[in-house]
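So this one's data.txt, compact mmCIF, N, CA and C atoms:
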```txt
# COMPACT_ATOMS: atom_id res chain seq x y z
N MET A 1 -11.97 1.31 -5.42
CA MET A 1 -11.13 1.15 -4.25
C MET A 1 -11.17 2.45 -3.46
N LYS A 2 -11.52 2.32 -2.18
CA LYS A 2 -11.62 3.48 -1.31
C LYS A 2 -10.78 3.23 -0.06
N LEU A 3 -9.94 4.19 0.26
CA LEU A 3 -9.10 4.10 1.44
C LEU A 3 -9.51 5.15 2.46
N LEU A 4 -9.64 4.74 3.72
CA LEU A 4 -9.85 5.67 4.81
C LEU A 4 -8.62 5.59 5.70
N LEU A 5 -7.94 6.74 5.87
CA LEU A 5 -6.75 6.78 6.71
C LEU A 5 -7.16 7.13 8.13
N ASP A 6 -6.72 6.31 9.05
CA ASP A 6 -7.06 6.45 10.46
C ASP A 6 -6.51 7.77 11.01
N GLN A 7 -6.99 8.14 12.19
CA GLN A 7 -6.60 9.42 12.76
C GLN A 7 -5.14 9.49 13.18
N ASN A 8 -4.46 8.36 13.21
CA ASN A 8 -3.04 8.38 13.54
C ASN A 8 -2.17 8.65 12.32
N ILE A 9 -2.80 9.00 11.20
CA ILE A 9 -2.08 9.35 9.97
C ILE A 9 -2.45 10.79 9.61
N SER A 10 -1.45 11.58 9.35
CA SER A 10 -1.63 13.01 9.10
C SER A 10 -2.53 13.28 7.90
N PHE A 11 -3.31 14.36 8.00
CA PHE A 11 -4.13 14.81 6.88
C PHE A 11 -3.26 15.19 5.69
N ARG A 12 -2.00 15.51 5.94
CA ARG A 12 -1.08 15.83 4.84
C ARG A 12 -0.81 14.60 3.96
N VAL A 13 -0.78 13.44 4.60
CA VAL A 13 -0.61 12.18 3.85
C VAL A 13 -1.84 11.94 2.98
N VAL A 14 -3.01 12.20 3.53
CA VAL A 14 -4.25 12.04 2.78
C VAL A 14 -4.17 12.86 1.49
N LYS A 15 -3.81 14.13 1.63
CA LYS A 15 -3.73 15.03 0.47
C LYS A 15 -2.74 14.52 -0.57
N LYS A 16 -1.59 14.06 -0.13
CA LYS A 16 -0.56 13.60 -1.07
C LYS A 16 -0.95 12.30 -1.78
N LEU A 17 -1.68 11.42 -1.09
CA LEU A 17 -2.06 10.14 -1.69
C LEU A 17 -3.18 10.27 -2.72
N LYS A 18 -3.92 11.36 -2.69
CA LYS A 18 -5.01 11.55 -3.64
C LYS A 18 -4.51 11.56 -5.08
N GLU A 19 -3.26 11.86 -5.26
CA GLU A 19 -2.64 11.85 -6.59
C GLU A 19 -2.46 10.42 -7.11
N TYR A 20 -2.40 9.44 -6.21
CA TYR A 20 -2.04 8.07 -6.59
C TYR A 20 -3.19 7.06 -6.46
N PHE A 21 -4.14 7.32 -5.59
CA PHE A 21 -5.23 6.39 -5.35
C PHE A 21 -6.55 7.09 -5.70
N PRO A 22 -7.54 6.34 -6.24
CA PRO A 22 -8.78 6.96 -6.69
C PRO A 22 -9.56 7.68 -5.59
N VAL A 23 -9.72 7.04 -4.43
CA VAL A 23 -10.45 7.65 -3.33
C VAL A 23 -9.64 7.46 -2.06
N VAL A 24 -9.20 8.56 -1.49
CA VAL A 24 -8.46 8.54 -0.22
C VAL A 24 -9.07 9.64 0.66
N GLU A 25 -9.51 9.25 1.83
CA GLU A 25 -10.07 10.20 2.77
C GLU A 25 -9.52 9.91 4.16
N GLY A 26 -9.66 10.89 5.03
CA GLY A 26 -9.25 10.72 6.41
C GLY A 26 -10.47 10.67 7.31
N VAL A 27 -10.25 10.30 8.55
CA VAL A 27 -11.37 10.22 9.48
C VAL A 27 -12.01 11.58 9.72
N ARG A 28 -11.20 12.65 9.69
CA ARG A 28 -11.75 14.00 9.89
C ARG A 28 -12.81 14.34 8.85
N GLU A 29 -12.51 14.01 7.60
CA GLU A 29 -13.42 14.34 6.51
C GLU A 29 -14.77 13.63 6.65
N ASN A 30 -14.81 12.59 7.45
CA ASN A 30 -16.02 11.79 7.60
C ASN A 30 -16.64 11.87 8.99
N GLY A 31 -16.23 12.89 9.75
CA GLY A 31 -16.81 13.09 11.08
C GLY A 31 -16.45 12.02 12.09
N LEU A 32 -15.31 11.36 11.88
CA LEU A 32 -14.93 10.24 12.75
C LEU A 32 -13.72 10.54 13.64
N TYR A 33 -13.23 11.77 13.62
CA TYR A 33 -12.07 12.10 14.43
C TYR A 33 -12.40 11.91 15.91
N ASN A 34 -11.52 11.24 16.61
CA ASN A 34 -11.66 10.91 18.03
C ASN A 34 -12.82 9.95 18.33
N ARG A 35 -13.35 9.29 17.31
CA ARG A 35 -14.34 8.25 17.54
C ARG A 35 -13.60 6.96 17.88
N ASP A 36 -14.27 6.04 18.54
CA ASP A 36 -13.61 4.80 18.90
C ASP A 36 -13.41 3.91 17.67
N ASP A 37 -12.53 2.94 17.82
CA ASP A 37 -12.17 2.08 16.70
C ASP A 37 -13.37 1.34 16.13
N ARG A 38 -14.28 0.92 16.99
CA ARG A 38 -15.46 0.18 16.50
C ARG A 38 -16.31 1.06 15.59
N ALA A 39 -16.46 2.34 15.90
CA ALA A 39 -17.24 3.25 15.06
C ALA A 39 -16.57 3.44 13.70
N ILE A 40 -15.25 3.57 13.70
CA ILE A 40 -14.50 3.72 12.44
C ILE A 40 -14.61 2.44 11.63
N TRP A 41 -14.43 1.29 12.28
CA TRP A 41 -14.52 0.00 11.60
C TRP A 41 -15.91 -0.18 10.98
N GLU A 42 -16.95 0.14 11.73
CA GLU A 42 -18.33 -0.02 11.25
C GLU A 42 -18.62 0.93 10.08
N PHE A 43 -18.15 2.17 10.16
CA PHE A 43 -18.31 3.11 9.06
C PHE A 43 -17.69 2.54 7.78
N CYS A 44 -16.47 2.02 7.91
CA CYS A 44 -15.77 1.46 6.76
C CYS A 44 -16.48 0.22 6.22
N ARG A 45 -17.02 -0.58 7.08
CA ARG A 45 -17.77 -1.76 6.64
C ARG A 45 -18.98 -1.34 5.82
N GLN A 46 -19.73 -0.37 6.32
CA GLN A 46 -20.94 0.07 5.64
C GLN A 46 -20.65 0.81 4.34
N LYS A 47 -19.60 1.61 4.31
CA LYS A 47 -19.31 2.46 3.16
C LYS A 47 -18.29 1.85 2.20
N LYS A 48 -17.84 0.62 2.50
CA LYS A 48 -16.91 -0.12 1.63
C LYS A 48 -15.54 0.55 1.47
N TYR A 49 -15.00 1.00 2.59
CA TYR A 49 -13.64 1.51 2.64
C TYR A 49 -12.71 0.43 3.17
N ALA A 50 -11.47 0.47 2.75
CA ALA A 50 -10.40 -0.26 3.43
C ALA A 50 -9.76 0.75 4.39
N ILE A 51 -9.33 0.26 5.54
CA ILE A 51 -8.75 1.14 6.55
C ILE A 51 -7.24 1.04 6.51
N VAL A 52 -6.58 2.19 6.46
CA VAL A 52 -5.12 2.26 6.55
C VAL A 52 -4.81 2.79 7.95
N THR A 53 -4.04 2.00 8.72
CA THR A 53 -3.83 2.35 10.12
C THR A 53 -2.51 1.83 10.65
N PHE A 54 -2.06 2.42 11.72
CA PHE A 54 -0.95 1.90 12.51
C PHE A 54 -1.49 1.09 13.69
N ASP A 55 -2.81 1.08 13.88
CA ASP A 55 -3.48 0.61 15.08
C ASP A 55 -3.82 -0.88 15.01
N GLU A 56 -3.29 -1.66 15.91
CA GLU A 56 -3.58 -3.09 15.97
C GLU A 56 -5.04 -3.37 16.29
N ASP A 57 -5.69 -2.48 17.01
CA ASP A 57 -7.08 -2.71 17.41
C ASP A 57 -8.01 -2.86 16.21
N LEU A 58 -7.78 -2.12 15.15
CA LEU A 58 -8.62 -2.26 13.96
C LEU A 58 -8.40 -3.61 13.29
N TYR A 59 -7.16 -4.07 13.28
CA TYR A 59 -6.90 -5.42 12.79
C TYR A 59 -7.64 -6.45 13.65
N ASN A 60 -7.60 -6.26 14.95
CA ASN A 60 -8.27 -7.20 15.87
C ASN A 60 -9.77 -7.28 15.60
N LEU A 61 -10.40 -6.16 15.28
CA LEU A 61 -11.83 -6.18 14.96
C LEU A 61 -12.10 -7.01 13.70
N THR A 62 -11.26 -6.86 12.70
CA THR A 62 -11.43 -7.65 11.47
C THR A 62 -11.13 -9.12 11.73
N ALA A 63 -10.15 -9.40 12.56
CA ALA A 63 -9.86 -10.80 12.91
C ALA A 63 -11.04 -11.42 13.66
N LEU A 64 -11.71 -10.63 14.48
CA LEU A 64 -12.83 -11.12 15.26
C LEU A 64 -14.12 -11.25 14.44
N TYR A 65 -14.43 -10.23 13.65
CA TYR A 65 -15.71 -10.18 12.94
C TYR A 65 -15.61 -10.47 11.44
N GLY A 66 -14.41 -10.60 10.92
CA GLY A 66 -14.24 -10.83 9.49
C GLY A 66 -14.22 -9.52 8.72
N HIS A 67 -14.18 -9.67 7.43
CA HIS A 67 -14.15 -8.49 6.58
C HIS A 67 -15.25 -8.59 5.55
N PRO A 68 -15.74 -7.48 5.03
CA PRO A 68 -15.15 -6.15 5.11
C PRO A 68 -15.34 -5.54 6.50
N PRO A 69 -14.58 -4.51 6.78
CA PRO A 69 -13.59 -3.87 5.93
C PRO A 69 -12.25 -4.59 6.00
N LYS A 70 -11.48 -4.40 4.96
CA LYS A 70 -10.12 -4.91 4.97
C LYS A 70 -9.21 -3.87 5.63
N ILE A 71 -8.15 -4.38 6.21
CA ILE A 71 -7.23 -3.53 6.96
C ILE A 71 -5.87 -3.52 6.27
N ILE A 72 -5.33 -2.34 6.09
CA ILE A 72 -3.94 -2.18 5.65
C ILE A 72 -3.21 -1.66 6.88
N TRP A 73 -2.48 -2.58 7.50
CA TRP A 73 -1.86 -2.34 8.80
C TRP A 73 -0.41 -1.95 8.59
N LEU A 74 -0.07 -0.73 8.92
CA LEU A 74 1.29 -0.21 8.76
C LEU A 74 2.12 -0.62 9.97
N ARG A 75 3.07 -1.49 9.73
CA ARG A 75 3.90 -2.04 10.80
C ARG A 75 5.31 -1.48 10.69
N THR A 76 5.42 -0.19 10.51
CA THR A 76 6.70 0.44 10.19
C THR A 76 7.31 1.24 11.32
N GLY A 77 6.57 1.49 12.36
CA GLY A 77 7.04 2.45 13.35
C GLY A 77 6.86 3.85 12.77
N ASN A 78 7.40 4.82 13.44
CA ASN A 78 7.22 6.20 13.00
C ASN A 78 7.95 6.46 11.69
N LEU A 79 7.25 7.10 10.78
CA LEU A 79 7.82 7.53 9.51
C LEU A 79 7.43 8.98 9.27
N ALA A 80 8.28 9.71 8.58
CA ALA A 80 7.90 11.04 8.13
C ALA A 80 6.78 10.90 7.10
N ASN A 81 5.98 11.92 6.95
CA ASN A 81 4.86 11.87 6.01
C ASN A 81 5.29 11.45 4.62
N ASP A 82 6.36 12.05 4.12
CA ASP A 82 6.82 11.72 2.76
C ASP A 82 7.28 10.27 2.66
N GLN A 83 7.87 9.75 3.71
CA GLN A 83 8.28 8.35 3.71
C GLN A 83 7.06 7.43 3.68
N LEU A 84 6.03 7.79 4.41
CA LEU A 84 4.81 6.99 4.43
C LEU A 84 4.14 7.01 3.07
N VAL A 85 4.05 8.18 2.46
CA VAL A 85 3.48 8.28 1.12
C VAL A 85 4.27 7.41 0.15
N ALA A 86 5.59 7.51 0.19
CA ALA A 86 6.44 6.73 -0.72
C ALA A 86 6.23 5.23 -0.52
N LEU A 87 6.10 4.80 0.72
CA LEU A 87 5.90 3.38 1.02
C LEU A 87 4.56 2.88 0.46
N LEU A 88 3.50 3.65 0.65
CA LEU A 88 2.19 3.25 0.14
C LEU A 88 2.17 3.26 -1.39
N VAL A 89 2.80 4.24 -1.99
CA VAL A 89 2.87 4.29 -3.45
C VAL A 89 3.69 3.12 -3.98
N LEU A 90 4.76 2.78 -3.31
CA LEU A 90 5.59 1.64 -3.70
C LEU A 90 4.76 0.35 -3.74
N HIS A 91 3.84 0.20 -2.80
CA HIS A 91 3.03 -1.01 -2.70
C HIS A 91 1.62 -0.83 -3.28
N LYS A 92 1.44 0.19 -4.11
CA LYS A 92 0.13 0.50 -4.68
C LYS A 92 -0.50 -0.71 -5.38
N GLN A 93 0.24 -1.39 -6.21
CA GLN A 93 -0.31 -2.53 -6.95
C GLN A 93 -0.75 -3.64 -5.99
N SER A 94 0.04 -3.91 -4.98
CA SER A 94 -0.33 -4.93 -3.99
C SER A 94 -1.57 -4.52 -3.20
N ILE A 95 -1.66 -3.25 -2.87
CA ILE A 95 -2.82 -2.73 -2.14
C ILE A 95 -4.07 -2.88 -2.99
N GLU A 96 -3.98 -2.49 -4.26
CA GLU A 96 -5.13 -2.60 -5.16
C GLU A 96 -5.56 -4.06 -5.33
N SER A 97 -4.61 -4.96 -5.50
CA SER A 97 -4.94 -6.39 -5.64
C SER A 97 -5.58 -6.93 -4.37
N PHE A 98 -5.03 -6.56 -3.24
CA PHE A 98 -5.56 -7.00 -1.95
C PHE A 98 -7.00 -6.55 -1.77
N ILE A 99 -7.28 -5.30 -2.05
CA ILE A 99 -8.62 -4.77 -1.85
C ILE A 99 -9.62 -5.37 -2.84
N SER A 100 -9.20 -5.58 -4.06
CA SER A 100 -10.13 -6.07 -5.08
C SER A 100 -10.43 -7.56 -4.96
N ASP A 101 -9.64 -8.31 -4.18
CA ASP A 101 -9.87 -9.74 -3.99
C ASP A 101 -11.10 -9.93 -3.11
N GLU A 102 -12.20 -10.36 -3.71
CA GLU A 102 -13.46 -10.48 -2.98
C GLU A 102 -13.78 -11.89 -2.52
N LYS A 103 -12.84 -12.82 -2.66
CA LYS A 103 -13.10 -14.18 -2.20
C LYS A 103 -13.36 -14.18 -0.69
N ILE A 104 -14.31 -14.97 -0.29
CA ILE A 104 -14.67 -15.06 1.13
C ILE A 104 -13.47 -15.48 1.98
N ASP A 105 -12.66 -16.39 1.45
CA ASP A 105 -11.54 -16.90 2.24
C ASP A 105 -10.27 -16.07 2.10
N SER A 106 -10.37 -14.92 1.44
CA SER A 106 -9.18 -14.10 1.27
C SER A 106 -8.79 -13.46 2.60
N ASP A 107 -7.56 -12.99 2.65
CA ASP A 107 -7.04 -12.36 3.85
C ASP A 107 -7.78 -11.06 4.15
N GLY A 108 -7.94 -10.76 5.40
CA GLY A 108 -8.59 -9.52 5.79
C GLY A 108 -7.60 -8.42 6.15
N CYS A 109 -6.31 -8.77 6.14
CA CYS A 109 -5.32 -7.79 6.54
C CYS A 109 -4.08 -7.89 5.66
N LEU A 110 -3.62 -6.74 5.23
CA LEU A 110 -2.35 -6.63 4.53
C LEU A 110 -1.44 -5.80 5.44
N ALA A 111 -0.39 -6.42 5.93
CA ALA A 111 0.57 -5.71 6.78
C ALA A 111 1.70 -5.21 5.90
N ILE A 112 2.01 -3.94 6.05
CA ILE A 112 3.10 -3.34 5.29
C ILE A 112 4.23 -2.99 6.26
N TYR A 113 5.36 -3.56 5.96
CA TYR A 113 6.59 -3.29 6.72
C TYR A 113 7.50 -2.44 5.84
N GLN A 114 8.53 -1.87 6.41
CA GLN A 114 9.46 -1.09 5.60
C GLN A 114 10.17 -1.95 4.58
N ASN A 115 10.27 -3.24 4.84
CA ASN A 115 11.00 -4.11 3.93
C ASN A 115 10.13 -5.19 3.29
N GLY A 116 8.80 -5.02 3.29
CA GLY A 116 7.97 -6.03 2.63
C GLY A 116 6.53 -6.03 3.09
N LEU A 117 5.80 -7.08 2.65
CA LEU A 117 4.38 -7.21 2.90
C LEU A 117 4.09 -8.57 3.53
N GLU A 118 2.94 -8.66 4.20
CA GLU A 118 2.49 -9.94 4.73
C GLU A 118 0.95 -9.92 4.74
N HIS A 119 0.35 -11.00 4.26
CA HIS A 119 -1.11 -11.14 4.32
C HIS A 119 -1.46 -12.02 5.51
N PHE A 120 -2.51 -11.64 6.24
CA PHE A 120 -3.06 -12.51 7.28
C PHE A 120 -4.44 -12.07 7.63
```
Now, as a test, write the supplied structure out as structure tokens.
Amino acid sequence: MKLLLDQNISFRVVKKLKEYFPVVEGVRENGLYNRDDRAIWEFCRQKKYAIVTFDEDLYNLTALYGHPPKIIWLRTGNLANDQLVALLVLHKQSIESFISDEKIDSDGCLAIYQNGLEHF
């Protein structure tokens, strides 16, 4: 399981999540900072990353072209870094199950809200 955190998520969150998830990287680490969403989406498709983002546009690409990559869409509004880390760790098992589900008809997006999850 590999997670790529979009540029709208602090590098500090990336560092903190490395304790909980096997592979967590940010767009900066992969030369994708300030690249357009399609370039990030394509990188993740080729390298088998799931994308963690606040950005609806990345979800739209997966809705249009399918997955991979899978999208973990944070629908929480602004959160402090520690709150975001806590939320992702809270849903770690669901995130791992979502990413490991390789069925063709499986959902391409896991939306995380402050009070729950939704697949679509």
Counting only N, CA and C atoms, which residue out of A:Met1, A:Ile99, A:Val85, A:Ala50 sits closest to Phe21 (chain A)?
A:Met1
Around (-14.2, -0.3, 12.3) in the file's own coordinates, what residues are found within 8 Å if you use only N, CA and C atoms, given back as a list in words?
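Within the cut-off we find Asp36, Asp37, Arg38, Ala39, Ile40, Trp41, Glu42, Phe43, Cys44, Arg45, Asp57, Leu58, Leu61, Thr62, Pro68 and Pro69 of chain A.
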Give me the residues within 9 Å of Leu4 (chain A) as a ChimeraX atom specification, counting only C-alpha atoms and dropping any in the same chain fewer than 3 places off.
/A:14,23-27,44,49-53
With distances taken over only C-alpha atoms, which of A:His67, A:Leu88, A:Asn81, A:Thr76 is nearest to Cys109 (chain A)?
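Between A:His67, A:Leu88, A:Asn81, A:Thr76, the residue approaching Cys109 (chain A) most closely is A:His67.
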As a compact mmCIF listing (two decimals) with N, CA and C atoms, in the coordinates of the input, please: every residue in chain A that a backbone DSSP assignment puts in alpha helix (DSSP H).
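Ended up saving to selection-v1.txt:
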```
# COMPACT_ATOMS: atom_id res chain seq x y z
N PHE A 11 -3.31 14.36 8.00
CA PHE A 11 -4.13 14.81 6.88
C PHE A 11 -3.26 15.19 5.69
N ARG A 12 -2.00 15.51 5.94
CA ARG A 12 -1.08 15.83 4.84
C ARG A 12 -0.81 14.60 3.96
N VAL A 13 -0.78 13.44 4.60
CA VAL A 13 -0.61 12.18 3.85
C VAL A 13 -1.84 11.94 2.98
N VAL A 14 -3.01 12.20 3.53
CA VAL A 14 -4.25 12.04 2.78
C VAL A 14 -4.17 12.86 1.49
N LYS A 15 -3.81 14.13 1.63
CA LYS A 15 -3.73 15.03 0.47
C LYS A 15 -2.74 14.52 -0.57
N LYS A 16 -1.59 14.06 -0.13
CA LYS A 16 -0.56 13.60 -1.07
C LYS A 16 -0.95 12.30 -1.78
N LEU A 17 -1.68 11.42 -1.09
CA LEU A 17 -2.06 10.14 -1.69
C LEU A 17 -3.18 10.27 -2.72
N ASP A 37 -12.53 2.94 17.82
CA ASP A 37 -12.17 2.08 16.70
C ASP A 37 -13.37 1.34 16.13
N ARG A 38 -14.28 0.92 16.99
CA ARG A 38 -15.46 0.18 16.50
C ARG A 38 -16.31 1.06 15.59
N ALA A 39 -16.46 2.34 15.90
CA ALA A 39 -17.24 3.25 15.06
C ALA A 39 -16.57 3.44 13.70
N ILE A 40 -15.25 3.57 13.70
CA ILE A 40 -14.50 3.72 12.44
C ILE A 40 -14.61 2.44 11.63
N TRP A 41 -14.43 1.29 12.28
CA TRP A 41 -14.52 0.00 11.60
C TRP A 41 -15.91 -0.18 10.98
N GLU A 42 -16.95 0.14 11.73
CA GLU A 42 -18.33 -0.02 11.25
C GLU A 42 -18.62 0.93 10.08
N PHE A 43 -18.15 2.17 10.16
CA PHE A 43 -18.31 3.11 9.06
C PHE A 43 -17.69 2.54 7.78
N CYS A 44 -16.47 2.02 7.91
CA CYS A 44 -15.77 1.46 6.76
C CYS A 44 -16.48 0.22 6.22
N ARG A 45 -17.02 -0.58 7.08
CA ARG A 45 -17.77 -1.76 6.64
C ARG A 45 -18.98 -1.34 5.82
N GLN A 46 -19.73 -0.37 6.32
CA GLN A 46 -20.94 0.07 5.64
C GLN A 46 -20.65 0.81 4.34
N LYS A 47 -19.60 1.61 4.31
CA LYS A 47 -19.31 2.46 3.16
C LYS A 47 -18.29 1.85 2.20
N GLU A 56 -3.29 -1.66 15.91
CA GLU A 56 -3.58 -3.09 15.97
C GLU A 56 -5.04 -3.37 16.29
N ASP A 57 -5.69 -2.48 17.01
CA ASP A 57 -7.08 -2.71 17.41
C ASP A 57 -8.01 -2.86 16.21
N LEU A 58 -7.78 -2.12 15.15
CA LEU A 58 -8.62 -2.26 13.96
C LEU A 58 -8.40 -3.61 13.29
N TYR A 59 -7.16 -4.07 13.28
CA TYR A 59 -6.90 -5.42 12.79
C TYR A 59 -7.64 -6.45 13.65
N ASN A 60 -7.60 -6.26 14.95
CA ASN A 60 -8.27 -7.20 15.87
C ASN A 60 -9.77 -7.28 15.60
N LEU A 61 -10.40 -6.16 15.28
CA LEU A 61 -11.83 -6.18 14.96
C LEU A 61 -12.10 -7.01 13.70
N THR A 62 -11.26 -6.86 12.70
CA THR A 62 -11.43 -7.65 11.47
C THR A 62 -11.13 -9.12 11.73
N ALA A 63 -10.15 -9.40 12.56
CA ALA A 63 -9.86 -10.80 12.91
C ALA A 63 -11.04 -11.42 13.66
N LEU A 64 -11.71 -10.63 14.48
CA LEU A 64 -12.83 -11.12 15.26
C LEU A 64 -14.12 -11.25 14.44
N TYR A 65 -14.43 -10.23 13.65
CA TYR A 65 -15.71 -10.18 12.94
C TYR A 65 -15.61 -10.47 11.44
N ASN A 81 5.98 11.92 6.95
CA ASN A 81 4.86 11.87 6.01
C ASN A 81 5.29 11.45 4.62
N ASP A 82 6.36 12.05 4.12
CA ASP A 82 6.82 11.72 2.76
C ASP A 82 7.28 10.27 2.66
N GLN A 83 7.87 9.75 3.71
CA GLN A 83 8.28 8.35 3.71
C GLN A 83 7.06 7.43 3.68
N LEU A 84 6.03 7.79 4.41
CA LEU A 84 4.81 6.99 4.43
C LEU A 84 4.14 7.01 3.07
N VAL A 85 4.05 8.18 2.46
CA VAL A 85 3.48 8.28 1.12
C VAL A 85 4.27 7.41 0.15
N ALA A 86 5.59 7.51 0.19
CA ALA A 86 6.44 6.73 -0.72
C ALA A 86 6.23 5.23 -0.52
N LEU A 87 6.10 4.80 0.72
CA LEU A 87 5.90 3.38 1.02
C LEU A 87 4.56 2.88 0.46
N LEU A 88 3.50 3.65 0.65
CA LEU A 88 2.19 3.25 0.14
C LEU A 88 2.17 3.26 -1.39
N VAL A 89 2.80 4.24 -1.99
CA VAL A 89 2.87 4.29 -3.45
C VAL A 89 3.69 3.12 -3.98
N LEU A 90 4.76 2.78 -3.31
CA LEU A 90 5.59 1.64 -3.70
C LEU A 90 4.76 0.35 -3.74
N LYS A 92 1.44 0.19 -4.11
CA LYS A 92 0.13 0.50 -4.68
C LYS A 92 -0.50 -0.71 -5.38
N GLN A 93 0.24 -1.39 -6.21
CA GLN A 93 -0.31 -2.53 -6.95
C GLN A 93 -0.75 -3.64 -5.99
N SER A 94 0.04 -3.91 -4.98
CA SER A 94 -0.33 -4.93 -3.99
C SER A 94 -1.57 -4.52 -3.20
N ILE A 95 -1.66 -3.25 -2.87
CA ILE A 95 -2.82 -2.73 -2.14
C ILE A 95 -4.07 -2.88 -2.99
N GLU A 96 -3.98 -2.49 -4.26
CA GLU A 96 -5.13 -2.60 -5.16
C GLU A 96 -5.56 -4.06 -5.33
N SER A 97 -4.61 -4.96 -5.50
CA SER A 97 -4.94 -6.39 -5.64
C SER A 97 -5.58 -6.93 -4.37
N PHE A 98 -5.03 -6.56 -3.24
CA PHE A 98 -5.56 -7.00 -1.95
C PHE A 98 -7.00 -6.55 -1.77
N ILE A 99 -7.28 -5.30 -2.05
CA ILE A 99 -8.62 -4.77 -1.85
C ILE A 99 -9.62 -5.37 -2.84
N SER A 100 -9.20 -5.58 -4.06
CA SER A 100 -10.13 -6.07 -5.08
C SER A 100 -10.43 -7.56 -4.96
```
DSSP on the backbone, then: every residue of region 52-90 of chain A marked strand (DSSP E), written as a PyMOL selection string.
chain A and resi 52-53+71-74
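Rounded to one decimal, CA of Asn34 (chain A) and atom C of Glu19 (chain A) lie 26.8 Å from each other.
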Tell me which of A:Gln46, A:Asn60, A:Asp6, A:Tyr20 sits closest to Val89 (chain A), counting all atoms listed in the file.
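Closest residue, counting all atoms listed in the file: A:Tyr20.
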Just give me the gap between atom C of Leu87 (chain A) and CA of Gln114 (chain A) in Å, one decimal is fine.
8.1 Å
Start from the incomplete input, build all heavy atoms for region 54-59 of chain A, and deliver everything as a PDB file, keeping the file's coordinate frame.
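Done, and the output landed in rebuild.pdb:
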```pdb
ATOM      1  N   PHE A  54      -2.060   2.420  11.720  1.00  0.00           N
ATOM      2  CA  PHE A  54      -0.950   1.900  12.510  1.00  0.00           C
ATOM      3  C   PHE A  54      -1.490   1.090  13.690  1.00  0.00           C
ATOM      4  O   PHE A  54      -0.736   0.514  14.447  1.00  0.00           O
ATOM      5  CB  PHE A  54      -0.096   3.047  13.075  1.00  0.00           C
ATOM      6  CG  PHE A  54       0.763   3.740  12.065  1.00  0.00           C
ATOM      7  CD1 PHE A  54       0.386   4.966  11.528  1.00  0.00           C
ATOM      8  CD2 PHE A  54       1.967   3.192  11.667  1.00  0.00           C
ATOM      9  CE1 PHE A  54       1.181   5.616  10.625  1.00  0.00           C
ATOM     10  CE2 PHE A  54       2.771   3.831  10.750  1.00  0.00           C
ATOM     11  CZ  PHE A  54       2.385   5.051  10.221  1.00  0.00           C
ATOM     12  N   ASP A  55      -2.810   1.080  13.880  1.00  0.00           N
ATOM     13  CA  ASP A  55      -3.480   0.610  15.080  1.00  0.00           C
ATOM     14  C   ASP A  55      -3.820  -0.880  15.010  1.00  0.00           C
ATOM     15  O   ASP A  55      -4.615  -1.303  14.168  1.00  0.00           O
ATOM     16  CB  ASP A  55      -4.746   1.427  15.263  1.00  0.00           C
ATOM     17  CG  ASP A  55      -5.439   1.220  16.585  1.00  0.00           C
ATOM     18  OD1 ASP A  55      -5.074   0.280  17.322  1.00  0.00           O
ATOM     19  OD2 ASP A  55      -6.366   1.992  16.884  1.00  0.00           O
ATOM     20  N   GLU A  56      -3.290  -1.660  15.910  1.00  0.00           N
ATOM     21  CA  GLU A  56      -3.580  -3.090  15.970  1.00  0.00           C
ATOM     22  C   GLU A  56      -5.040  -3.370  16.290  1.00  0.00           C
ATOM     23  O   GLU A  56      -5.595  -4.395  15.882  1.00  0.00           O
ATOM     24  CB  GLU A  56      -2.679  -3.773  17.004  1.00  0.00           C
ATOM     25  CG  GLU A  56      -2.878  -5.258  17.102  1.00  0.00           C
ATOM     26  CD  GLU A  56      -1.961  -5.928  18.102  1.00  0.00           C
ATOM     27  OE1 GLU A  56      -1.188  -5.226  18.792  1.00  0.00           O
ATOM     28  OE2 GLU A  56      -2.018  -7.162  18.193  1.00  0.00           O
ATOM     29  N   ASP A  57      -5.690  -2.480  17.010  1.00  0.00           N
ATOM     30  CA  ASP A  57      -7.080  -2.710  17.410  1.00  0.00           C
ATOM     31  C   ASP A  57      -8.010  -2.860  16.210  1.00  0.00           C
ATOM     32  O   ASP A  57      -8.955  -3.655  16.245  1.00  0.00           O
ATOM     33  CB  ASP A  57      -7.582  -1.579  18.313  1.00  0.00           C
ATOM     34  CG  ASP A  57      -6.874  -1.563  19.658  1.00  0.00           C
ATOM     35  OD1 ASP A  57      -6.288  -2.602  20.035  1.00  0.00           O
ATOM     36  OD2 ASP A  57      -6.890  -0.516  20.324  1.00  0.00           O
ATOM     37  N   LEU A  58      -7.780  -2.120  15.150  1.00  0.00           N
ATOM     38  CA  LEU A  58      -8.620  -2.260  13.960  1.00  0.00           C
ATOM     39  C   LEU A  58      -8.400  -3.610  13.290  1.00  0.00           C
ATOM     40  O   LEU A  58      -9.348  -4.236  12.826  1.00  0.00           O
ATOM     41  CB  LEU A  58      -8.378  -1.103  13.001  1.00  0.00           C
ATOM     42  CG  LEU A  58      -8.957   0.228  13.499  1.00  0.00           C
ATOM     43  CD1 LEU A  58      -8.343   1.400  12.765  1.00  0.00           C
ATOM     44  CD2 LEU A  58     -10.466   0.233  13.372  1.00  0.00           C
ATOM     45  N   TYR A  59      -7.160  -4.070  13.280  1.00  0.00           N
ATOM     46  CA  TYR A  59      -6.900  -5.420  12.790  1.00  0.00           C
ATOM     47  C   TYR A  59      -7.640  -6.450  13.650  1.00  0.00           C
ATOM     48  O   TYR A  59      -8.256  -7.384  13.147  1.00  0.00           O
ATOM     49  CB  TYR A  59      -5.403  -5.738  12.766  1.00  0.00           C
ATOM     50  CG  TYR A  59      -5.146  -7.216  12.715  1.00  0.00           C
ATOM     51  CD1 TYR A  59      -5.423  -7.932  11.555  1.00  0.00           C
ATOM     52  CD2 TYR A  59      -4.701  -7.900  13.840  1.00  0.00           C
ATOM     53  CE1 TYR A  59      -5.240  -9.310  11.518  1.00  0.00           C
ATOM     54  CE2 TYR A  59      -4.512  -9.268  13.801  1.00  0.00           C
ATOM     55  CZ  TYR A  59      -4.784  -9.974  12.642  1.00  0.00           C
ATOM     56  OH  TYR A  59      -4.616 -11.332  12.612  1.00  0.00           O
TER      57      TYR A  59
END
```
